[in-house]
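S.K.: I have a structure here, written as structure tokens, and I will follow up with some questions on it.
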Amino acid sequence: MRLALLAPIGRSIPPRYDGPRERQIALLCAGLVRQGVDVTLFASGDSMAAEQLAAVCPVACAADPSLDAQTWESLHIAHLSARAGEFDLIHNHCDTLPLAYSRPLPTPVVTTLYSRPTPQALPLLQHHVERNYYVAMDPWDRHPDLPYVATVAPGVDLDVFTYQPQSGSYLLLYGSVHARAGITEAMAIAQHCGRPLVIAGPIEDQVYFAANVAPYLDQERLRYVGPVASAAY
């Protein structure tokens with residue numbers, strides 16, 4: 001099988017720091033290659049992938065503020081569209097924008113939806129159900145008005161996150177900081193367990209962070225340590 005993986009270009013694959021989606025794509029690429037699948041990864045030019053890399057954007061947009069993300073994303077998706085006939089399947093990890101390009105393509109598209117679709121995105125997703133196949137990452141993320149072909153839970157790299165039979169002294173929430181990240185629930189769990197909570201990851205919603213996290217930071221019961229480099233996992 002010849003497979004095209006369309007990744008976001010906001011961060012490299014794998015990400016230098018936090019990037020849950022980008023890390024999932026990296027794990028998926030590596031796993032598919034081990035299974036003998038011919039994978040071409042469409043990502044930013046600074047991605048370090050063993051697969052064939054197809055890049056028009058020289059570096060991840062987050063790494064170079066001079067890059068206009070909307071312009072490069074459009075060029076990125078157009079690059080894949082121009083090569084669509086080379087592949088048996090396209091796996092889209094870039095949310096809804098690539099769907100607008102998908103109708104004339106000769107290749108079927110599978111789209112992994114990383115969260116429950118918003119009311120604003122739902123009409124676009126419904127409009128393209130004939131040419132696209134949707135995958136949810138969690139049963140609770142499934143929208144009742146969309147057809148899904150599968151639910152595939154996120155993977156974990158057990159070489160990085162190793163099992164420790166003795167628990168540590170604190171709880172860790174590793175991921176981006178925004179309203180849907182489960183931070184409020186994690187804080188409640190930590191309080192119930194009587195353990196400190198450490199939050200590690202980039203702030204994607206500054207308003208949410210200022211209102212719901214910053215007021216409770218005391219460096220003892222709740223700490224925010226920012227993005228964590230890959231080597232520091």
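Ligands are numbered from 1 in the order shown, chains are lettered A, B, ... in the order of the structure tokens, and residues start at 1 in each chain.
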Write out as a count of residues only the residues lying within 10 Å of Pro154 in chain A, counting only C-alpha atoms and excluding same-chain residues fewer than 6 positions away.

M.R.: 11

S.K.: Write out as a list in words each polymer residue whose atoms come within 6 Å of range 183-199 of chain A, counting only C-alpha atoms; drop sequence neighbours fewer than 2 positions from it.

M.R.: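 Close residues of range 183-199 of chain A: Tyr170, Leu171, Leu172, Leu173, Ala181, Arg221, Leu222, Arg223 and Tyr224 of chain A.
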
S.K.: To one decimal in Å, tell me the separation between CA of Gly45 in chain A and CA of Ala60 in chain A.

M.R.: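 We find that CA of Gly45 in chain A and CA of Ala60 in chain A lie 7.2 Å from each other.
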
S.K.: I need the residue nearest His91 in chain A from this list: A:Gln120, A:Thr112, A:Ser47, A:Thr151. Use only C-alpha atoms for the distance.

M.R.: A:Thr112

S.K.: For Leu124 in chain A, which residue out of A:Leu99, A:Ala211, A:Pro139, A:Pro106 is the nearest one, using only C-alpha atoms?

M.R.: A:Leu99

S.K.: From the list A:Cys29, A:Pro123, A:Asn92, A:Ser74, which residue is nearest Leu6 in chain A when using only C-alpha atoms?

M.R.: A:Asn92
